Amino acid sequence: MNKLLLAFYGDDFTGSTDALEQLTRAGLRAALFIQPPTPAQLKHFPELQAVGVAGLTRSLSAAAMAKKLRPAFKKLKALGARHVHYKVCSTFDSSPEVGSIGRAIDLGMKIFRAPFVPLLVAAPSLGRYCVFGNLFARFGIGSDGAIHRLDRHPSVSRHPITPMTESDLRLHLAKQTRKKIALFDILQVALPANEARTALRQMLTEKPDAVLFDALHPEHLAAIGGLVDTYASAKRPLFSVGSSGIEMALGAFFNLGSSRPEEALTRFPGRKKEPPCVGRCENILVASGSCSPVTEQQIVRALKHGFAEVPLDIAALASHKTSGMEVRRVTEAAAKLLQTGASVIVHTTRGGSHGRLPAKLKGRTAPVLGTALGNILRNALAQKPVRRLCLAGGDTSSYAARALGIEALEIIAPLTPGAPLCRAFAPGSPVNGCEIVFKGGQVGAENYFETVRRGKI
């Protein structure tokens, strides 16, 4: 019997590990892969109930996205899971030209032909809330920081590549797709279960292509999970788009004892176990391609508490003539610092913005910086192994992971919401077996890198 309940494709690496964490928290056995897994790869991870693919479409053009997503969606559909999810950042940053979520919706509808596409972006535990179609986000993640409407958010509204200037997600998506999007608003989500089901059925008689679900509190997610699972089956997977709120919603729904699907709950032996304490590392190696002010503050704090830094010369990386020399320079500097026992942060910027990037990097910032960071970490580890790594930055992390030779990840333990500690499966690479965290730019408290080194909050 096929035991897969959900398969997802993440538009970047940090977001993919966030989804993986939510599935693990719900008690599902899950693994994350760089490409749709082959039968040989799946043998290394028996009894899986969910699989994910860590993609890099967040930084691609719409045309390039189509080349990646079309075959990936078809392979995920063939796995026979009830749900297939296109996982995007919980701040929904995208544009018609870069990381177009609308383009992903168009492709998914053609391949899955489900009755509608659920859109769920809210993730209350991550400080993301959707009310009457408008998305709000904390500055930072979790319980700290003020909540801002997305178009007024201090960081997201100023993203150097895909600034969010519209908080109404329907209007935002209307620039990326012509599909009809209905809103199942917060008042409908809060209805008693039978009334909510009736309201959704009535809404679907108008034949919307997609339905955006509001959510403000965690209990709303379980209700949404029950609503959307009604329309899912292994023979006809339901294609959805959204943040890790999808994984939270379905995980909460299954764990509340629902009888849909009846077999799901029997596959959660020992769910809700307390995570292991992974303990402190003497030193860790961090690579940051993030331009978020949150990450900037975290780097500044870490440097005041014993971490060492090796800044990258972005101008040198922008030129083919000097990029190799710059990677070698930084690799040697990082390896020497690691040999002294220091924790090291290699970073592309501490200025809070990539606004001063060389013109030569226009349109290829993520692949150039991400690949350079991955190569630096890989080469430094070959000289001085460390047990634990951290990659910061959603756009760059996908390329860094590929340069590191990572094929798959399994969660070891949660650390902070949205950025769990994982074990890397990377045959032939010095990162094989290492503990690694992938952190989005907005994730974590000011002492985040100290938390990673300590191994617990």
# chains A, B, ... in the order shown; residues from 1 in each chain; ligands from 1
$ residues_around --residues "stretch 446-455 of chain A" --least-positions-apart "6" --cutoff "8 Å" --atoms "only C-alpha atoms" --output "PyMOL selection string"
chain A and resi 277-284+294+297-299+301-302+388+390+415+437
$ residues_around --residues "A:Val98" --least-positions-apart "5" --cutoff "8 Å" --atoms "only C-alpha atoms" --output "list in words"
Arg58, Ser59, Leu60, Ser61, Ala62, Ile161 and Thr162 of chain A
$ residues_around --residues "stretch 433-435 of chain A" --least-positions-apart "5" --cutoff "9 Å" --atoms "only C-alpha atoms" --output "PyMOL selection string"
chain A and resi 386-390+412+421-427
$ closest_residue --among "A:Arg103, A:Arg197, A:Lys207, A:His159" --to "A:Ala182" --atoms "only C-alpha atoms"
A:Lys207
$ residues_around --residues "A:Thr91" --least-positions-apart "2" --cutoff "12 Å" --atoms "only C-alpha atoms" --output "MDAnalysis selection string"
chainID A and resid 15 87:89 93:94 101 120:123 126:130 134:141 148:151 153 155:157 159 162:169 172 242:245 394 440:443
$ write_last_selection --atoms "C-alpha atoms" --output "PDB file, in the first residue's frame"
ATOM      1  CA  GLY A  15      11.626  27.057   2.872  1.00  0.00           C
ATOM      2  CA  LYS A  87       5.792  25.370  -1.253  1.00  0.00           C
ATOM      3  CA  VAL A  88       6.584  29.093  -1.355  1.00  0.00           C
ATOM      4  CA  CYS A  89       7.952  31.569   1.151  1.00  0.00           C
ATOM      5  CA  ASP A  93       7.574  37.525  -2.387  1.00  0.00           C
ATOM      6  CA  SER A  94       7.506  36.953  -6.140  1.00  0.00           C
ATOM      7  CA  ILE A 101       3.817  31.920  -8.099  1.00  0.00           C
ATOM      8  CA  LEU A 120      -2.758  28.918   2.146  1.00  0.00           C
ATOM      9  CA  VAL A 121      -0.014  31.380   3.019  1.00  0.00           C
ATOM     10  CA  ALA A 122      -0.702  32.110   6.682  1.00  0.00           C
ATOM     11  CA  ALA A 123       1.501  30.363   9.246  1.00  0.00           C
ATOM     12  CA  LEU A 126       5.935  31.776  12.060  1.00  0.00           C
ATOM     13  CA  GLY A 127       4.321  35.178  12.531  1.00  0.00           C
ATOM     14  CA  ARG A 128       2.394  35.128   9.223  1.00  0.00           C
ATOM     15  CA  TYR A 129      -1.307  36.025   9.169  1.00  0.00           C
ATOM     16  CA  CYS A 130      -3.807  36.377   6.343  1.00  0.00           C
ATOM     17  CA  ASN A 134      -4.208  40.595   3.044  1.00  0.00           C
ATOM     18  CA  LEU A 135      -0.971  39.137   4.347  1.00  0.00           C
ATOM     19  CA  PHE A 136       0.718  40.394   7.515  1.00  0.00           C
ATOM     20  CA  ALA A 137       4.146  39.380   8.831  1.00  0.00           C
ATOM     21  CA  ARG A 138       6.217  39.959  11.917  1.00  0.00           C
ATOM     22  CA  PHE A 139       9.561  41.654  11.533  1.00  0.00           C
ATOM     23  CA  GLY A 140      11.485  38.596  12.588  1.00  0.00           C
ATOM     24  CA  ILE A 141       9.819  35.267  13.207  1.00  0.00           C
ATOM     25  CA  HIS A 148       3.365  44.756   9.601  1.00  0.00           C
ATOM     26  CA  ARG A 149       1.102  44.659   6.580  1.00  0.00           C
ATOM     27  CA  LEU A 150       3.275  43.160   3.883  1.00  0.00           C
ATOM     28  CA  ASP A 151       3.527  46.248   1.689  1.00  0.00           C
ATOM     29  CA  HIS A 153       7.090  45.517   6.118  1.00  0.00           C
ATOM     30  CA  SER A 155      12.326  44.090   5.061  1.00  0.00           C
ATOM     31  CA  VAL A 156       9.958  42.291   2.694  1.00  0.00           C
ATOM     32  CA  SER A 157       8.664  45.473   1.074  1.00  0.00           C
ATOM     33  CA  HIS A 159      13.496  43.013  -1.017  1.00  0.00           C
ATOM     34  CA  THR A 162      11.064  40.831  -5.475  1.00  0.00           C
ATOM     35  CA  PRO A 163       9.828  43.639  -3.193  1.00  0.00           C
ATOM     36  CA  MET A 164       6.278  43.100  -1.949  1.00  0.00           C
ATOM     37  CA  THR A 165       4.382  46.299  -2.714  1.00  0.00           C
ATOM     38  CA  GLU A 166       0.911  44.731  -2.503  1.00  0.00           C
ATOM     39  CA  SER A 167      -0.451  42.950   0.581  1.00  0.00           C
ATOM     40  CA  ASP A 168      -3.715  41.738  -1.012  1.00  0.00           C
ATOM     41  CA  LEU A 169      -2.587  38.387  -2.356  1.00  0.00           C
ATOM     42  CA  HIS A 172      -0.563  40.400  -6.208  1.00  0.00           C
ATOM     43  CA  GLY A 242       1.338  28.154  -0.140  1.00  0.00           C
ATOM     44  CA  SER A 243       3.692  28.329   2.803  1.00  0.00           C
ATOM     45  CA  SER A 244       4.408  25.567   5.297  1.00  0.00           C
ATOM     46  CA  GLY A 245       0.937  26.447   6.567  1.00  0.00           C
ATOM     47  CA  GLY A 394      16.531  31.710   0.921  1.00  0.00           C
ATOM     48  CA  GLY A 440      15.627  32.089   5.790  1.00  0.00           C
ATOM     49  CA  GLY A 441      16.633  35.731   6.055  1.00  0.00           C
ATOM     50  CA  GLN A 442      13.797  36.630   8.437  1.00  0.00           C
ATOM     51  CA  VAL A 443      14.200  33.606  10.705  1.00  0.00           C
TER      52      VAL A 443
END
$ residues_around --residues "A:Gly428" --least-positions-apart "3" --cutoff "9 Å" --atoms "only C-alpha atoms" --output "PyMOL selection string"
chain A and resi 405+431-432
$ write_last_selection --atoms "C-alpha atoms" --output "mmCIF file, in the first residue's frame"
data_model
loop_
_atom_site.group_PDB
_atom_site.id
_atom_site.type_symbol
_atom_site.label_atom_id
_atom_site.label_comp_id
_atom_site.auth_asym_id
_atom_site.auth_seq_id
_atom_site.Cartn_x
_atom_site.Cartn_y
_atom_site.Cartn_z
ATOM 1 C CA GLY A 405 26.699 17.899 -3.096
ATOM 2 C CA VAL A 431 29.360 17.460 4.153
ATOM 3 C CA ASN A 432 28.020 13.886 4.140
#
$ select_by_dssp --residues "stretch 181-399 of chain A" --states "strand (DSSP E)" --output "ChimeraX atom specification"
/A:181-184,210-213,238-242,284-288,308-311,344-347,388-392
$ select_by_dssp --residues "stretch 64-188 of chain A" --states "alpha helix (DSSP H)" --output "PyMOL selection string"
chain A and resi 64-78+101-112+169-174+186-188
$ write_last_selection --atoms "C-alpha atoms" --output "tab-separated table (two decimals), in the first residue's frame"
chain	number	residue	atom	x	y	z
A	64	ALA	CA	13.00	28.78	-16.55
A	65	MET	CA	10.50	27.86	-13.84
A	66	ALA	CA	8.35	26.03	-16.37
A	67	LYS	CA	11.31	23.91	-17.50
A	68	LYS	CA	11.99	22.87	-13.90
A	69	LEU	CA	8.46	22.49	-12.60
A	70	ARG	CA	6.74	20.65	-15.44
A	71	PRO	CA	8.80	17.43	-15.14
A	72	ALA	CA	9.05	17.75	-11.35
A	73	PHE	CA	5.28	18.01	-10.92
A	74	LYS	CA	4.74	15.00	-13.16
A	75	LYS	CA	7.19	12.92	-11.14
A	76	LEU	CA	5.63	13.98	-7.85
A	77	LYS	CA	2.16	13.16	-9.18
A	78	ALA	CA	3.39	9.66	-10.09
A	101	ILE	CA	3.82	31.92	-8.10
A	102	GLY	CA	1.12	32.54	-10.68
A	103	ARG	CA	3.17	30.62	-13.24
A	104	ALA	CA	3.43	27.69	-10.83
A	105	ILE	CA	-0.35	27.73	-10.37
A	106	ASP	CA	-0.87	27.67	-14.14
A	107	LEU	CA	1.46	24.68	-14.55
A	108	GLY	CA	0.04	22.78	-11.60
A	109	MET	CA	-3.53	23.15	-12.81
A	110	LYS	CA	-2.66	21.66	-16.19
A	111	ILE	CA	-0.88	18.66	-14.70
A	112	PHE	CA	-3.09	17.82	-11.71
A	169	LEU	CA	-2.59	38.39	-2.36
A	170	ARG	CA	-5.34	38.26	-4.96
A	171	LEU	CA	-4.17	41.52	-6.47
A	172	HIS	CA	-0.56	40.40	-6.21
A	173	LEU	CA	-1.32	37.16	-8.07
A	174	ALA	CA	-3.45	38.93	-10.67
A	186	ILE	CA	-11.55	34.56	8.14
A	187	LEU	CA	-15.27	34.67	9.02
A	188	GLN	CA	-15.93	31.59	6.89
$ closest_residue --among "A:Ala392, A:Val241, A:Leu227, A:Ala400" --to "A:Ala193" --atoms "only C-alpha atoms"
A:Leu227
$ residues_around --residues "A:Leu4" --least-positions-apart "6" --cutoff "6 Å" --atoms "only C-alpha atoms" --output "ChimeraX atom specification"
/A:49-50,81
